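Reading through the structure tokens given below for one structure.
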Amino acid sequence: MAAPPTRLNIYDAVAANRWRTVALITVFTGILAALGYVVGEVFTPGGGIAMVPLALGFSGVSATASYFAGDKLVLAQSQASELAPGAEPQLRNIVETLSIGLGITPPRIYLIDDTAPNAFATGRDPKHASIVATRGLLDKLDRTELEGVIAHELSHVVNRDIRVMLLVTVLVGTVALLSDWMFRSFAWGGGGRRGRDRGGGGVILIIALVLAILTPVVAALIQFAVSRQREYLADASGALLTRYPTGLANALRKIAADTEALEVANKATASLYIANPLKDAPRALDGLFDTHPPIAERIRRLEAM
Amino acid sequence: MEILIPLIVIALIVVFVIGLYNRLITLRQRVREAWSDIDVQLKRRHDLIPNLVATVQGYAAHEKGVFENVTKARAAAVAGQNGTPQERAVAENQLTAALRTVFAVAENYPQLQAVQEFKDLSENLAATEDKIAFARRFYNGNVRDYNTALQTVPTNILAGMFGFTPEQYFELADATEREVPKVSFG
């Protein structure tokens, strides 16, 4: 037996992600309760407290739903279809072989019929996981590159990154949706009430306040959960699994060079992918909201291994 | 009150020892599960070989010695299915060597290379050997964790008391092992 390889402790990653999951659900519940309270206060002064159990119930239901069925939602939204038995033997073989190397049951394999090369993994634990690849990924990458990408995604699966990412995607999406909806209903409701004893100005002020508090919180939440370190860790553990960091480095280079945007991806699901699928032009806030570390840096680290 | 303190100390020690014991059991269980992964793939290889022999024989019937060799090696590997990892590795290595001669013979028959069944079989065998390599790596990693626990304080004391014995690594001859990349976080 050669000298034991430097082992990245996946147990640490798993423990950290368990803690993140709890924190995420707590913060989400807190935000919803606060939102509910504010809504209640605005419509009936003193009635805010009555809205809190309602908001808690709602957050309980949506957290449970996203924990157990969020992956199906994401898969459906990405228009991914499960690989038929016998189809794409190379992809299936790679997934099965690498899963054996990690000692997990091979995840289900899905395909997105789009020529933009990209991939992601979703689910809640290795027994309930799915790996999604685009048609473009299969067409444009060779075997070692594909191995690199799949190993990266499987690392997300064993580290339980997929669970955190899934909760972020669904819950943050819900908060964004709610605050958007609140903003609209306030804007309309506030307009209709003008002239009564509760002036529209007060309502607008509260909305502005809520949004001002909420937006950075949501941003921090995303940032906190979707840390760049997670991508570096998945790159590194993937390379450790295939013993061939160059494969993933070449794959990333090809994916980055491809200018095509993945049509089924959106802002909420973008952070799930191995590389940003949106290919949008950088904007002022990108540094803050960036969910992926720069590809050049990832390639540099892979090649230094 | 005073009688309680020694009781609490004893209770804490018992809990600690139970924790250590369970850790050893978990590690050993992981080794056994990993072994069954290897076992599945080895059996799959055993199952593929008769078909391969039959296919190649159809084109190269006179290379009798080669086929006898691989059939014998396979029979030995199948017979030794319940042996220790080391015993099995010896049998599997012989089988790998014998298989290689079958493929070397097949090289000389271009018509055979074009047969779909032969192509499928050799792809399947290559995929299975890939899986054996990965299963072996996972197994050896678990053996290393378990054996390390047997040798380090405090689990070594418990291991001696309860008769935990080290597990064997599964070593394949000239398995093409890529170099382990050095991982560092900057």
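Just remember, in the structure tokens the first chain shown is A, the second B, etc., residues are 1-based per chain, and ligands are 1-based in the order shown.
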
At most 12 Å to chain B: residues in chain A, only C-alpha atoms, as a PyMOL selection string: chain A and resi 1-9+89-105+229-246+297-298+300-305

Residues of the last selection are to be written out with N, CA and C atoms, as a compact mmCIF listing (two decimals), in the first residue's frame.
```txt
# COMPACT_ATOMS: atom_id res chain seq x y z
N MET A 1 0.86 -1.20 0.00
CA MET A 1 0.00 0.00 0.00
C MET A 1 0.88 1.24 0.00
N ALA A 2 0.63 2.12 -0.92
CA ALA A 2 1.40 3.37 -0.97
C ALA A 2 1.05 4.22 0.24
N ALA A 3 1.79 5.29 0.42
CA ALA A 3 1.50 6.20 1.52
C ALA A 3 0.05 6.67 1.42
N PRO A 4 -0.67 6.71 2.54
CA PRO A 4 -2.08 7.09 2.49
C PRO A 4 -2.24 8.47 1.88
N PRO A 5 -3.17 8.62 0.94
CA PRO A 5 -3.36 9.92 0.31
C PRO A 5 -3.91 10.93 1.30
N THR A 6 -3.65 12.18 1.01
CA THR A 6 -4.23 13.24 1.83
C THR A 6 -5.74 13.12 1.72
N ARG A 7 -6.40 12.87 2.82
CA ARG A 7 -7.84 12.65 2.72
C ARG A 7 -8.58 13.90 3.15
N LEU A 8 -9.46 14.33 2.28
CA LEU A 8 -10.34 15.42 2.69
C LEU A 8 -11.39 14.78 3.55
N ASN A 9 -11.59 15.33 4.71
CA ASN A 9 -12.54 14.68 5.58
C ASN A 9 -13.95 15.04 5.19
N PRO A 89 -24.64 4.50 -22.54
CA PRO A 89 -23.91 3.57 -21.66
C PRO A 89 -22.65 4.17 -21.05
N GLN A 90 -22.00 5.08 -21.79
CA GLN A 90 -20.76 5.64 -21.24
C GLN A 90 -21.03 6.47 -19.99
N LEU A 91 -22.05 7.33 -20.07
CA LEU A 91 -22.39 8.16 -18.92
C LEU A 91 -22.79 7.28 -17.74
N ARG A 92 -23.62 6.28 -18.02
CA ARG A 92 -24.09 5.41 -16.95
C ARG A 92 -22.92 4.68 -16.31
N ASN A 93 -22.01 4.22 -17.16
CA ASN A 93 -20.85 3.51 -16.65
C ASN A 93 -19.99 4.38 -15.75
N ILE A 94 -19.78 5.62 -16.17
CA ILE A 94 -18.97 6.53 -15.38
C ILE A 94 -19.63 6.76 -14.03
N VAL A 95 -20.94 7.02 -14.05
CA VAL A 95 -21.65 7.28 -12.79
C VAL A 95 -21.56 6.06 -11.87
N GLU A 96 -21.78 4.87 -12.45
CA GLU A 96 -21.75 3.65 -11.63
C GLU A 96 -20.35 3.41 -11.06
N THR A 97 -19.34 3.55 -11.92
CA THR A 97 -17.98 3.26 -11.49
C THR A 97 -17.53 4.20 -10.38
N LEU A 98 -17.78 5.50 -10.60
CA LEU A 98 -17.34 6.47 -9.58
C LEU A 98 -18.14 6.31 -8.29
N SER A 99 -19.41 5.92 -8.40
CA SER A 99 -20.21 5.69 -7.19
C SER A 99 -19.64 4.54 -6.38
N ILE A 100 -19.16 3.51 -7.09
CA ILE A 100 -18.53 2.38 -6.38
C ILE A 100 -17.31 2.89 -5.62
N GLY A 101 -16.55 3.78 -6.26
CA GLY A 101 -15.36 4.32 -5.60
C GLY A 101 -15.69 5.12 -4.35
N LEU A 102 -16.92 5.63 -4.27
CA LEU A 102 -17.33 6.41 -3.10
C LEU A 102 -18.17 5.56 -2.14
N GLY A 103 -18.52 4.34 -2.58
CA GLY A 103 -19.32 3.47 -1.74
C GLY A 103 -20.76 3.93 -1.58
N ILE A 104 -21.33 4.56 -2.61
CA ILE A 104 -22.73 4.97 -2.53
C ILE A 104 -23.53 4.27 -3.63
N THR A 105 -24.85 4.21 -3.46
CA THR A 105 -25.68 3.68 -4.54
C THR A 105 -25.67 4.71 -5.65
N GLN A 229 -16.02 28.11 -1.33
CA GLN A 229 -15.16 27.05 -0.83
C GLN A 229 -15.75 25.68 -1.19
N ARG A 230 -17.08 25.63 -1.22
CA ARG A 230 -17.77 24.39 -1.53
C ARG A 230 -17.41 23.89 -2.94
N GLU A 231 -17.31 24.81 -3.88
CA GLU A 231 -16.97 24.41 -5.24
C GLU A 231 -15.52 23.93 -5.31
N TYR A 232 -14.63 24.65 -4.61
CA TYR A 232 -13.23 24.21 -4.60
C TYR A 232 -13.12 22.84 -3.97
N LEU A 233 -13.90 22.63 -2.89
CA LEU A 233 -13.84 21.34 -2.20
C LEU A 233 -14.33 20.23 -3.12
N ALA A 234 -15.42 20.49 -3.84
CA ALA A 234 -15.95 19.47 -4.74
C ALA A 234 -14.97 19.20 -5.88
N ASP A 235 -14.31 20.25 -6.38
CA ASP A 235 -13.29 20.06 -7.42
C ASP A 235 -12.18 19.16 -6.90
N ALA A 236 -11.74 19.47 -5.67
CA ALA A 236 -10.62 18.73 -5.10
C ALA A 236 -11.00 17.29 -4.80
N SER A 237 -12.18 17.07 -4.20
CA SER A 237 -12.52 15.68 -3.88
C SER A 237 -12.84 14.90 -5.15
N GLY A 238 -13.36 15.60 -6.16
CA GLY A 238 -13.57 14.94 -7.45
C GLY A 238 -12.25 14.48 -8.05
N ALA A 239 -11.26 15.36 -7.98
CA ALA A 239 -9.94 15.02 -8.53
C ALA A 239 -9.32 13.86 -7.75
N LEU A 240 -9.59 13.85 -6.46
CA LEU A 240 -9.07 12.78 -5.61
C LEU A 240 -9.70 11.44 -6.00
N LEU A 241 -10.94 11.51 -6.42
CA LEU A 241 -11.66 10.28 -6.78
C LEU A 241 -11.17 9.74 -8.13
N THR A 242 -11.05 10.62 -9.13
CA THR A 242 -10.63 10.14 -10.44
C THR A 242 -9.11 10.01 -10.54
N ARG A 243 -8.40 10.61 -9.61
CA ARG A 243 -6.94 10.66 -9.64
C ARG A 243 -6.45 11.36 -10.90
N TYR A 244 -7.23 12.25 -11.43
CA TYR A 244 -6.86 12.87 -12.69
C TYR A 244 -7.43 14.28 -12.76
N PRO A 245 -6.81 15.24 -12.02
CA PRO A 245 -7.36 16.60 -11.98
C PRO A 245 -7.44 17.26 -13.36
N THR A 246 -6.55 16.85 -14.27
CA THR A 246 -6.53 17.45 -15.60
C THR A 246 -7.86 17.26 -16.32
N GLU A 297 -9.56 30.45 -11.81
CA GLU A 297 -8.95 30.11 -10.53
C GLU A 297 -9.13 28.62 -10.22
N ARG A 298 -10.30 28.09 -10.56
CA ARG A 298 -10.54 26.66 -10.32
C ARG A 298 -9.57 25.82 -11.16
N ARG A 300 -6.69 26.76 -12.28
CA ARG A 300 -5.34 26.92 -11.77
C ARG A 300 -5.11 25.98 -10.59
N ARG A 301 -6.09 25.91 -9.67
CA ARG A 301 -5.92 25.05 -8.51
C ARG A 301 -5.86 23.57 -8.90
N LEU A 302 -6.70 23.19 -9.90
CA LEU A 302 -6.69 21.79 -10.33
C LEU A 302 -5.35 21.42 -10.94
N GLU A 303 -4.80 22.37 -11.70
CA GLU A 303 -3.55 22.04 -12.38
C GLU A 303 -2.36 22.07 -11.45
N ALA A 304 -2.53 22.70 -10.29
CA ALA A 304 -1.43 22.74 -9.33
C ALA A 304 -1.38 21.47 -8.47
N MET A 305 -2.41 20.61 -8.60
CA MET A 305 -2.46 19.41 -7.75
C MET A 305 -1.38 18.40 -8.13
```

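Shortest separation to Thr26 (chain B) among B:Ile157, B:Leu52, B:Ala149, B:Ala104 occurs at residue B:Ala149, atoms counted being only C-alpha atoms.
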
With DSSP run on the backbone, what are the helix (DSSP H, G or I) residues within chain B? I'd like them as number ranges by chain. B: 4-57, 64-79, 85-107, 110-113, 116-151, 155-162

Among region 102-191 of chain A, which ones does DSSP assign to strand (DSSP E or B) (computed from the backbone)? Answer as a list in words.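 Those residues are Arg108, Ile109, Tyr110, Leu111, Ile112, Ala119, Phe120, Ala121, Thr122, Gly123, Arg124, Asp125, His128, Ala129, Ser130, Ile131, Val132, Ala133 and Thr134 of chain A.
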
Within 10 Å of region 114-118 of chain B using only C-alpha atoms, minus same-chain residues under 6 positions, as number ranges by chain: B: 51-56, 106, 124

Please, could you write that set of residues out with C-alpha atoms as a PDB file, in the first residue's frame?
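So the final result, stored in out-v9.pdb, reads:
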```pdb
ATOM      1  CA  ASN B  51     -19.166 -15.957 -23.191  1.00  0.00           C
ATOM      2  CA  LEU B  52     -15.936 -14.304 -24.203  1.00  0.00           C
ATOM      3  CA  VAL B  53     -14.190 -17.677 -24.481  1.00  0.00           C
ATOM      4  CA  ALA B  54     -17.042 -19.070 -26.578  1.00  0.00           C
ATOM      5  CA  THR B  55     -16.998 -16.069 -28.916  1.00  0.00           C
ATOM      6  CA  VAL B  56     -13.244 -16.061 -29.442  1.00  0.00           C
ATOM      7  CA  ALA B 106      -8.103 -12.055 -30.488  1.00  0.00           C
ATOM      8  CA  ASN B 124     -18.236  -4.910 -20.563  1.00  0.00           C
TER       9      ASN B 124
END
```

What does the distance between CA of Thr115 (chain A) and CA of Leu73 (chain A) come to in Å, to one decimal place? 22.0 Å

Find the spatial neighbours of Val78 (chain B), counting only C-alpha atoms, within a cut-off of 10 Å - ignore same-chain residues fewer than 3 positions away - and output them as a compact mmCIF listing (two decimals) with N, CA and C atoms, in the first residue's frame.
```
# COMPACT_ATOMS: atom_id res chain seq x y z
N LEU B 42 -16.36 -8.88 -9.05
CA LEU B 42 -15.57 -10.06 -9.41
C LEU B 42 -16.48 -11.14 -9.99
N LYS B 43 -17.64 -11.32 -9.37
CA LYS B 43 -18.59 -12.32 -9.87
C LYS B 43 -19.04 -11.96 -11.28
N HIS B 46 -16.47 -13.03 -13.60
CA HIS B 46 -16.53 -14.49 -13.78
C HIS B 46 -17.64 -14.87 -14.76
N ASP B 47 -18.76 -14.17 -14.66
CA ASP B 47 -19.91 -14.50 -15.52
C ASP B 47 -19.66 -14.13 -16.97
N LYS B 72 -9.46 -22.67 -16.70
CA LYS B 72 -8.92 -23.20 -15.43
C LYS B 72 -8.80 -22.08 -14.40
N ALA B 73 -8.24 -20.96 -14.86
CA ALA B 73 -8.04 -19.83 -13.94
C ALA B 73 -9.37 -19.34 -13.40
N ARG B 74 -10.38 -19.33 -14.28
CA ARG B 74 -11.69 -18.88 -13.85
C ARG B 74 -12.27 -19.85 -12.82
N ALA B 75 -12.14 -21.15 -13.12
CA ALA B 75 -12.66 -22.16 -12.19
C ALA B 75 -12.00 -22.00 -10.82
N GLN B 81 -14.01 -18.46 -3.97
CA GLN B 81 -14.86 -17.29 -3.70
C GLN B 81 -15.01 -16.94 -2.23
N ASN B 82 -14.83 -17.94 -1.35
CA ASN B 82 -15.00 -17.62 0.06
C ASN B 82 -13.68 -17.45 0.78
N ARG B 88 -7.93 -14.52 -2.65
CA ARG B 88 -8.71 -14.19 -3.83
C ARG B 88 -7.90 -13.34 -4.80
N ALA B 91 -5.79 -15.56 -7.00
CA ALA B 91 -6.58 -16.22 -8.05
C ALA B 91 -7.01 -15.23 -9.12
N GLU B 92 -7.42 -14.04 -8.70
CA GLU B 92 -7.89 -13.04 -9.66
C GLU B 92 -6.75 -12.54 -10.54
```

Hey, what's within 6 Å of region 132-149 of chain A if we count only C-alpha atoms and toss same-chain stuff fewer than 2 positions away? As a compact mmCIF listing (two decimals) with N, CA and C atoms, in the first residue's frame, please?
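Full text of result25.txt as output:
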```
# COMPACT_ATOMS: atom_id res chain seq x y z
N ILE A 109 -29.95 9.16 -13.12
CA ILE A 109 -29.31 10.02 -14.11
C ILE A 109 -30.37 10.68 -14.98
N TYR A 110 -30.25 11.99 -15.14
CA TYR A 110 -31.19 12.75 -15.96
C TYR A 110 -30.46 13.47 -17.08
N LEU A 111 -31.17 13.74 -18.12
CA LEU A 111 -30.59 14.41 -19.28
C LEU A 111 -31.43 15.64 -19.63
N ILE A 112 -30.76 16.75 -19.91
CA ILE A 112 -31.44 17.94 -20.42
C ILE A 112 -31.09 18.05 -21.89
N ASP A 113 -32.11 18.16 -22.72
CA ASP A 113 -31.86 18.19 -24.16
C ASP A 113 -31.50 19.60 -24.59
N ASP A 114 -30.26 19.99 -24.32
CA ASP A 114 -29.80 21.34 -24.67
C ASP A 114 -28.33 21.23 -25.03
N THR A 115 -27.90 21.99 -26.02
CA THR A 115 -26.53 21.83 -26.50
C THR A 115 -25.50 22.57 -25.64
N ALA A 116 -25.95 23.42 -24.70
CA ALA A 116 -25.00 24.08 -23.81
C ALA A 116 -24.46 23.05 -22.82
N PRO A 117 -23.12 22.90 -22.70
CA PRO A 117 -22.59 21.88 -21.80
C PRO A 117 -22.67 22.33 -20.35
N ASN A 118 -23.33 21.54 -19.51
CA ASN A 118 -23.40 21.85 -18.09
C ASN A 118 -23.93 20.64 -17.35
N ALA A 119 -23.87 20.68 -16.01
CA ALA A 119 -24.33 19.55 -15.21
C ALA A 119 -24.63 20.02 -13.81
N PHE A 120 -25.52 19.32 -13.12
CA PHE A 120 -25.70 19.58 -11.68
C PHE A 120 -26.19 18.32 -11.00
N ALA A 121 -26.15 18.37 -9.67
CA ALA A 121 -26.67 17.26 -8.88
C ALA A 121 -27.69 17.82 -7.92
N ALA A 151 -17.43 13.26 -11.22
CA ALA A 151 -16.80 13.12 -9.91
C ALA A 151 -17.05 14.36 -9.06
N HIS A 152 -17.01 15.53 -9.68
CA HIS A 152 -17.31 16.79 -8.98
C HIS A 152 -18.75 16.74 -8.44
N GLY A 247 -8.52 16.11 -16.07
CA GLY A 247 -9.80 15.85 -16.73
C GLY A 247 -10.81 16.94 -16.44
N LEU A 248 -10.97 17.25 -15.16
CA LEU A 248 -11.94 18.28 -14.77
C LEU A 248 -11.47 19.66 -15.24
N ALA A 251 -12.35 19.97 -18.77
CA ALA A 251 -13.80 20.09 -18.91
C ALA A 251 -14.24 21.52 -18.59
```

I'd like the contact shell of region 265-279 of chain A - 10 Å cut-off, only C-alpha atoms, skipping same-chain residues fewer than 5 positions apart - returned as a short mmCIF file (atom, residue, chain, number, x, y, z; two decimals) with C-alpha atoms, in the first residue's frame.
```
data_model
loop_
_atom_site.label_atom_id
_atom_site.label_comp_id
_atom_site.auth_asym_id
_atom_site.auth_seq_id
_atom_site.Cartn_x
_atom_site.Cartn_y
_atom_site.Cartn_z
CA VAL A 74 -35.94 21.50 -9.81
CA LEU A 75 -35.76 18.56 -12.25
CA GLN A 77 -38.24 23.08 -14.03
CA SER A 78 -35.00 22.20 -15.78
CA GLN A 79 -36.94 19.97 -18.19
CA ALA A 116 -25.00 24.08 -23.81
CA PRO A 117 -22.59 21.88 -21.80
CA ASN A 118 -23.40 21.85 -18.09
CA ALA A 119 -24.33 19.55 -15.21
CA PHE A 120 -25.70 19.58 -11.68
CA ALA A 121 -26.67 17.26 -8.88
CA THR A 122 -29.69 17.49 -6.63
CA VAL A 132 -28.24 15.86 -14.42
CA ALA A 133 -26.15 16.33 -17.55
CA VAL A 149 -17.45 16.56 -14.08
CA ILE A 150 -19.35 13.55 -12.71
CA HIS A 152 -17.31 16.79 -8.98
CA GLU A 153 -21.08 16.30 -8.87
CA HIS A 156 -21.56 17.37 -3.87
CA ASP A 161 -24.05 19.91 -0.49
CA ILE A 162 -27.03 18.99 -2.63
CA MET A 165 -28.27 23.91 -2.29
CA LEU A 166 -31.74 22.55 -2.82
CA VAL A 168 -31.42 27.49 -0.75
CA THR A 169 -32.89 27.27 -4.21
CA VAL A 170 -36.44 26.57 -3.09
CA LEU A 171 -36.58 28.61 0.13
CA VAL A 172 -34.76 31.68 -1.11
CA GLY A 173 -36.93 31.49 -4.18
CA THR A 174 -39.99 31.48 -1.92
CA ALA A 176 -38.02 36.40 -3.09
CA ILE A 222 -27.21 32.81 -0.39
CA VAL A 226 -23.38 28.77 -1.47
CA GLU A 231 -16.97 24.41 -5.24
CA ALA A 234 -15.95 19.47 -4.74
CA ASP A 235 -13.29 20.06 -7.42
CA LEU A 252 -14.07 23.45 -17.12
CA ILE A 255 -17.49 24.68 -20.55
CA ALA A 256 -16.16 28.21 -19.98
CA ASP A 258 -18.77 27.70 -24.69
CA THR A 259 -20.76 30.88 -25.10
CA GLU A 260 -24.18 29.30 -25.33
CA PHE A 289 -24.22 37.43 -5.59
CA ASP A 290 -21.68 35.30 -7.43
CA THR A 291 -22.28 31.68 -6.59
CA HIS A 292 -19.38 30.29 -8.59
CA PRO A 293 -15.72 31.00 -8.09
CA PRO A 294 -13.93 32.22 -11.22
CA ILE A 295 -13.28 29.28 -13.54
#
```

Spatial neighbours of Met161 (chain B), 12 Å, only C-alpha atoms, chain gap at least 6 places, as a PyMOL selection string: chain B and resi 17+21+150+154-155
